[in-house]
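Here's the structure, in C-alpha cells; my notes come after.
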Amino acid sequence: MYLAIILLLMFVLPLGSIVAEMASSTGADLVFLIGKWFVFWGMGLRLLAASLKQIFNPAFTAETIFGITDHKAQLLVQEIGFANLSLGMLGVLSIFEPQWIVPAAITGSLFYGLAGIKHLLEPGRNRSRNIAMISDLWLALVLLFYLSATFFQNA
C-alpha cells in the first residue's frame, strides 16, 4: 500500500496532470507545469498524507520507516508531522497561488534532498526506508530541475 501511494503521488498523478493540462491547450510552459504539478502532488499532498499519518499514528513512521519501537520516539514523529503538515500546505496552496511554486520547490528540494541523502547514508535500510529514499531523491531532482530551468528561462 505504501509503495502504491508513493508511486501515485510522486510519479503517476504529477505526470498525468501535466499531460492532461498540456492536452487541454492552456498554452502553459512544460517547465511551469512540472513545477506546478510535482509541487502540488509530490510535495503538497504527499507531505499532507504523511503528516496525518505521523500525527495520528506516529508508531507507523517510528517502527516501519525508522525501526524504532520506543514509545517516546512517537512524540518526535508527531513533531515531524507538524512540520510536514506546514510544508504540505504550502505545496497544496501553491495550486491557487502560482507565485508560491518557486518557494515551495526550494523548500521541497531541500527537505527531500536532505532526507534522501540521510536515508542513503544509513546502513541496513529496510524496504520502506528504501522506498522513502528513492522517492525523496527523485522528487528533489525533479524540483531542482524545475528550479534550474526556471532560473535559466528568467535569466
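Identifiers for the C-alpha cells are assigned positionally: chains receive A, B, ... in sequence, residues are indexed from 1 per chain, and ligands are indexed from 1 in the order shown.
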key: All residues 10 Å or closer to Met10 of chain A, only C-alpha atoms, same chain fewer than 6 positions away omitted, as a list in words   =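 Contacts, with the query itself left out: Ala4, Trp37, Phe38, Val39, Phe40, Trp41, Gly42, Met43, Leu45, Arg46, Ser135, Asp136, Trp138, Leu139 and Val142 of chain A.
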Export of prior selection with N, CA and C atoms as an mmCIF file, in the first residue's frame:
```cif
data_model
loop_
_atom_site.group_PDB
_atom_site.id
_atom_site.type_symbol
_atom_site.label_atom_id
_atom_site.label_comp_id
_atom_site.auth_asym_id
_atom_site.auth_seq_id
_atom_site.Cartn_x
_atom_site.Cartn_y
_atom_site.Cartn_z
ATOM 1 N N ALA A 4 2.388 1.857 -3.414
ATOM 2 C CA ALA A 4 1.370 2.320 -4.368
ATOM 3 C C ALA A 4 1.072 3.809 -4.166
ATOM 4 N N TRP A 37 2.803 20.789 -10.870
ATOM 5 C CA TRP A 37 2.187 19.510 -10.503
ATOM 6 C C TRP A 37 3.056 18.658 -9.595
ATOM 7 N N PHE A 38 4.378 18.743 -9.715
ATOM 8 C CA PHE A 38 5.208 17.980 -8.780
ATOM 9 C C PHE A 38 5.209 18.637 -7.404
ATOM 10 N N VAL A 39 5.101 19.963 -7.346
ATOM 11 C CA VAL A 39 4.971 20.627 -6.044
ATOM 12 C C VAL A 39 3.629 20.252 -5.418
ATOM 13 N N PHE A 40 2.556 20.299 -6.206
ATOM 14 C CA PHE A 40 1.228 20.001 -5.663
ATOM 15 C C PHE A 40 1.118 18.554 -5.180
ATOM 16 N N TRP A 41 1.409 17.601 -6.061
ATOM 17 C CA TRP A 41 1.239 16.181 -5.705
ATOM 18 C C TRP A 41 2.378 15.670 -4.837
ATOM 19 N N GLY A 42 3.619 15.852 -5.297
ATOM 20 C CA GLY A 42 4.774 15.247 -4.642
ATOM 21 C C GLY A 42 5.130 15.878 -3.323
ATOM 22 N N MET A 43 5.072 17.195 -3.284
ATOM 23 C CA MET A 43 5.374 17.875 -2.031
ATOM 24 C C MET A 43 4.101 18.082 -1.217
ATOM 25 N N LEU A 45 0.549 17.098 -1.437
ATOM 26 C CA LEU A 45 -0.319 16.021 -0.957
ATOM 27 C C LEU A 45 0.457 14.889 -0.303
ATOM 28 N N ARG A 46 1.683 14.617 -0.776
ATOM 29 C CA ARG A 46 2.454 13.569 -0.106
ATOM 30 C C ARG A 46 2.768 13.957 1.338
ATOM 31 N N SER A 135 12.206 7.761 -3.457
ATOM 32 C CA SER A 135 11.201 8.778 -3.781
ATOM 33 C C SER A 135 11.649 10.166 -3.336
ATOM 34 N N ASP A 136 12.330 10.266 -2.206
ATOM 35 C CA ASP A 136 12.850 11.562 -1.744
ATOM 36 C C ASP A 136 13.868 12.122 -2.738
ATOM 37 N N TRP A 138 14.253 11.290 -5.874
ATOM 38 C CA TRP A 138 13.566 11.545 -7.146
ATOM 39 C C TRP A 138 12.918 12.932 -7.136
ATOM 40 N N LEU A 139 12.142 13.212 -6.093
ATOM 41 C CA LEU A 139 11.449 14.496 -6.076
ATOM 42 C C LEU A 139 12.439 15.649 -5.932
ATOM 43 N N VAL A 142 13.706 16.298 -9.413
ATOM 44 C CA VAL A 142 12.687 16.933 -10.258
ATOM 45 C C VAL A 142 12.545 18.407 -9.890
#
```
request  = Tell me which protein, DNA and RNA residues are within 8 Å of Leu141 of chain A, counting only C-alpha atoms, leaving out same-chain ones fewer than 4 positions away, and put them as a list of chain:residue names.
outcome  =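 Skipping anything fewer than 4 positions along the chain leaves A:Ser109, A:Gly113, A:Leu137, A:Phe145.
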task = Check the smallest atom-to-atom distance from each of A:Val19, A:Leu93, A:Ile101, A:Ala59 to Val77 of chain A using only C-alpha atoms, then report the winner.
result =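 The answer is A:Ala59, which sits nearest to Val77 of chain A.
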request  = Record the distance separating atom CA of Ser25 of chain A and atom CA of Ile5 of chain A, expressed in Å with one decimal.
outcome  = 28.9 Å
Proximity to Thr61 of chain A - best of A:Leu8, A:Leu48, A:Leu13, A:Ile80, only C-alpha atoms =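 Of A:Leu8, A:Leu48, A:Leu13, A:Ile80, the one nearest Thr61 of chain A, counting only C-alpha atoms, is A:Ile80.
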inquiry  = Using DSSP assignments from the backbone, pull out every residue in segment 4-75 of chain A that falls under helix (DSSP H, G or I) and give it to me as a PyMOL selection string.
reply    = chain A and resi 4-23+30-56+58-65+73-75
Store the residues picked out above, limited to C-alpha atoms, as a PDB file, in the first residue's frame.
```
ATOM      1  CA  ALA A   4       1.370   2.320  -4.368  1.00  0.00           C
ATOM      2  CA  ILE A   5       0.669   5.652  -2.650  1.00  0.00           C
ATOM      3  CA  ILE A   6       4.236   6.836  -3.240  1.00  0.00           C
ATOM      4  CA  LEU A   7       4.104   5.861  -6.922  1.00  0.00           C
ATOM      5  CA  LEU A   8       0.797   7.672  -7.363  1.00  0.00           C
ATOM      6  CA  LEU A   9       1.848  10.873  -5.598  1.00  0.00           C
ATOM      7  CA  MET A  10       5.419  11.055  -6.876  1.00  0.00           C
ATOM      8  CA  PHE A  11       5.041   9.853 -10.457  1.00  0.00           C
ATOM      9  CA  VAL A  12       1.639   8.880 -11.862  1.00  0.00           C
ATOM     10  CA  LEU A  13      -0.530  11.797 -10.700  1.00  0.00           C
ATOM     11  CA  PRO A  14       2.001  14.583 -11.434  1.00  0.00           C
ATOM     12  CA  LEU A  15       2.748  13.213 -14.912  1.00  0.00           C
ATOM     13  CA  GLY A  16      -0.934  12.604 -15.601  1.00  0.00           C
ATOM     14  CA  SER A  17      -1.758  16.152 -14.547  1.00  0.00           C
ATOM     15  CA  ILE A  18       0.979  17.547 -16.790  1.00  0.00           C
ATOM     16  CA  VAL A  19      -0.247  15.534 -19.780  1.00  0.00           C
ATOM     17  CA  ALA A  20      -3.879  16.484 -19.117  1.00  0.00           C
ATOM     18  CA  GLU A  21      -3.095  20.178 -18.846  1.00  0.00           C
ATOM     19  CA  MET A  22      -0.931  20.114 -21.973  1.00  0.00           C
ATOM     20  CA  ALA A  23      -3.710  18.304 -23.858  1.00  0.00           C
ATOM     21  CA  LEU A  30       6.248  22.477 -19.753  1.00  0.00           C
ATOM     22  CA  VAL A  31       8.735  23.652 -17.117  1.00  0.00           C
ATOM     23  CA  PHE A  32       5.989  25.577 -15.313  1.00  0.00           C
ATOM     24  CA  LEU A  33       3.734  22.501 -15.399  1.00  0.00           C
ATOM     25  CA  ILE A  34       6.493  20.305 -13.972  1.00  0.00           C
ATOM     26  CA  GLY A  35       6.892  22.690 -11.057  1.00  0.00           C
ATOM     27  CA  LYS A  36       3.163  23.166 -10.576  1.00  0.00           C
ATOM     28  CA  TRP A  37       2.187  19.510 -10.503  1.00  0.00           C
ATOM     29  CA  PHE A  38       5.208  17.980  -8.780  1.00  0.00           C
ATOM     30  CA  VAL A  39       4.971  20.627  -6.044  1.00  0.00           C
ATOM     31  CA  PHE A  40       1.228  20.001  -5.663  1.00  0.00           C
ATOM     32  CA  TRP A  41       1.239  16.181  -5.705  1.00  0.00           C
ATOM     33  CA  GLY A  42       4.774  15.247  -4.642  1.00  0.00           C
ATOM     34  CA  MET A  43       5.374  17.875  -2.031  1.00  0.00           C
ATOM     35  CA  GLY A  44       1.905  19.059  -1.109  1.00  0.00           C
ATOM     36  CA  LEU A  45      -0.319  16.021  -0.957  1.00  0.00           C
ATOM     37  CA  ARG A  46       2.454  13.569  -0.106  1.00  0.00           C
ATOM     38  CA  LEU A  47       3.546  15.604   2.902  1.00  0.00           C
ATOM     39  CA  LEU A  48      -0.058  16.222   3.945  1.00  0.00           C
ATOM     40  CA  ALA A  49      -0.755  12.489   3.847  1.00  0.00           C
ATOM     41  CA  ALA A  50       2.487  11.738   5.689  1.00  0.00           C
ATOM     42  CA  SER A  51       1.744  14.409   8.278  1.00  0.00           C
ATOM     43  CA  LEU A  52      -1.670  12.988   9.082  1.00  0.00           C
ATOM     44  CA  LYS A  53      -0.177   9.513   9.467  1.00  0.00           C
ATOM     45  CA  GLN A  54       2.621  10.912  11.671  1.00  0.00           C
ATOM     46  CA  ILE A  55       0.299  12.997  13.820  1.00  0.00           C
ATOM     47  CA  PHE A  56      -2.437  10.410  14.332  1.00  0.00           C
ATOM     48  CA  PRO A  58       3.191   8.041  14.883  1.00  0.00           C
ATOM     49  CA  ALA A  59       4.052   4.399  15.569  1.00  0.00           C
ATOM     50  CA  PHE A  60       3.854   3.634  11.837  1.00  0.00           C
ATOM     51  CA  THR A  61       6.664   6.037  10.943  1.00  0.00           C
ATOM     52  CA  ALA A  62       8.720   5.272  14.052  1.00  0.00           C
ATOM     53  CA  GLU A  63       8.537   1.500  13.592  1.00  0.00           C
ATOM     54  CA  THR A  64       8.072   0.958   9.837  1.00  0.00           C
ATOM     55  CA  ILE A  65      10.361   3.642   8.443  1.00  0.00           C
ATOM     56  CA  ALA A  73      10.023   8.292  19.675  1.00  0.00           C
ATOM     57  CA  GLN A  74       6.388   8.788  18.773  1.00  0.00           C
ATOM     58  CA  LEU A  75       6.454  12.263  20.338  1.00  0.00           C
TER      59      LEU A  75
END
```
ask   = When you draw a straight line from atom CA of Leu143 of chain A to atom CA of Ala83 of chain A, how long is it in Å?
value =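 Answer for the atom CA of Leu143 of chain A to atom CA of Ala83 of chain A separation: 19.2 Å.
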inquiry  = Given only C-alpha atoms as the basis, pick out the residue of A:Phe96, A:Gly88, A:Asn126, A:Leu121 nearest to Gly108 of chain A.
reply    =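 Comparing A:Phe96, A:Gly88, A:Asn126, A:Leu121 against Gly108 of chain A, the winner is A:Gly88.
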inquiry  = Just checking: using only C-alpha atoms, which residue out of A:Ala140, A:Phe66, A:Leu147, A:Val102 ends up closest to Leu114 of chain A?
reply    =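 Of A:Ala140, A:Phe66, A:Leu147, A:Val102, the one nearest Leu114 of chain A is A:Ala140, counting only C-alpha atoms.
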ask   = atom CA of Gly124 of chain A to atom CA of Gly67 of chain A: how many Å, to one decimal?
value = 10.5 Å
ask   = For Leu144 of chain A, which residue among A:Ser128, A:Ser24, A:Gln99, A:Thr107 is the nearest when counting only C-alpha atoms?
value =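 Residue with the minimum atom-to-atom distance to Leu144 of chain A: A:Thr107.
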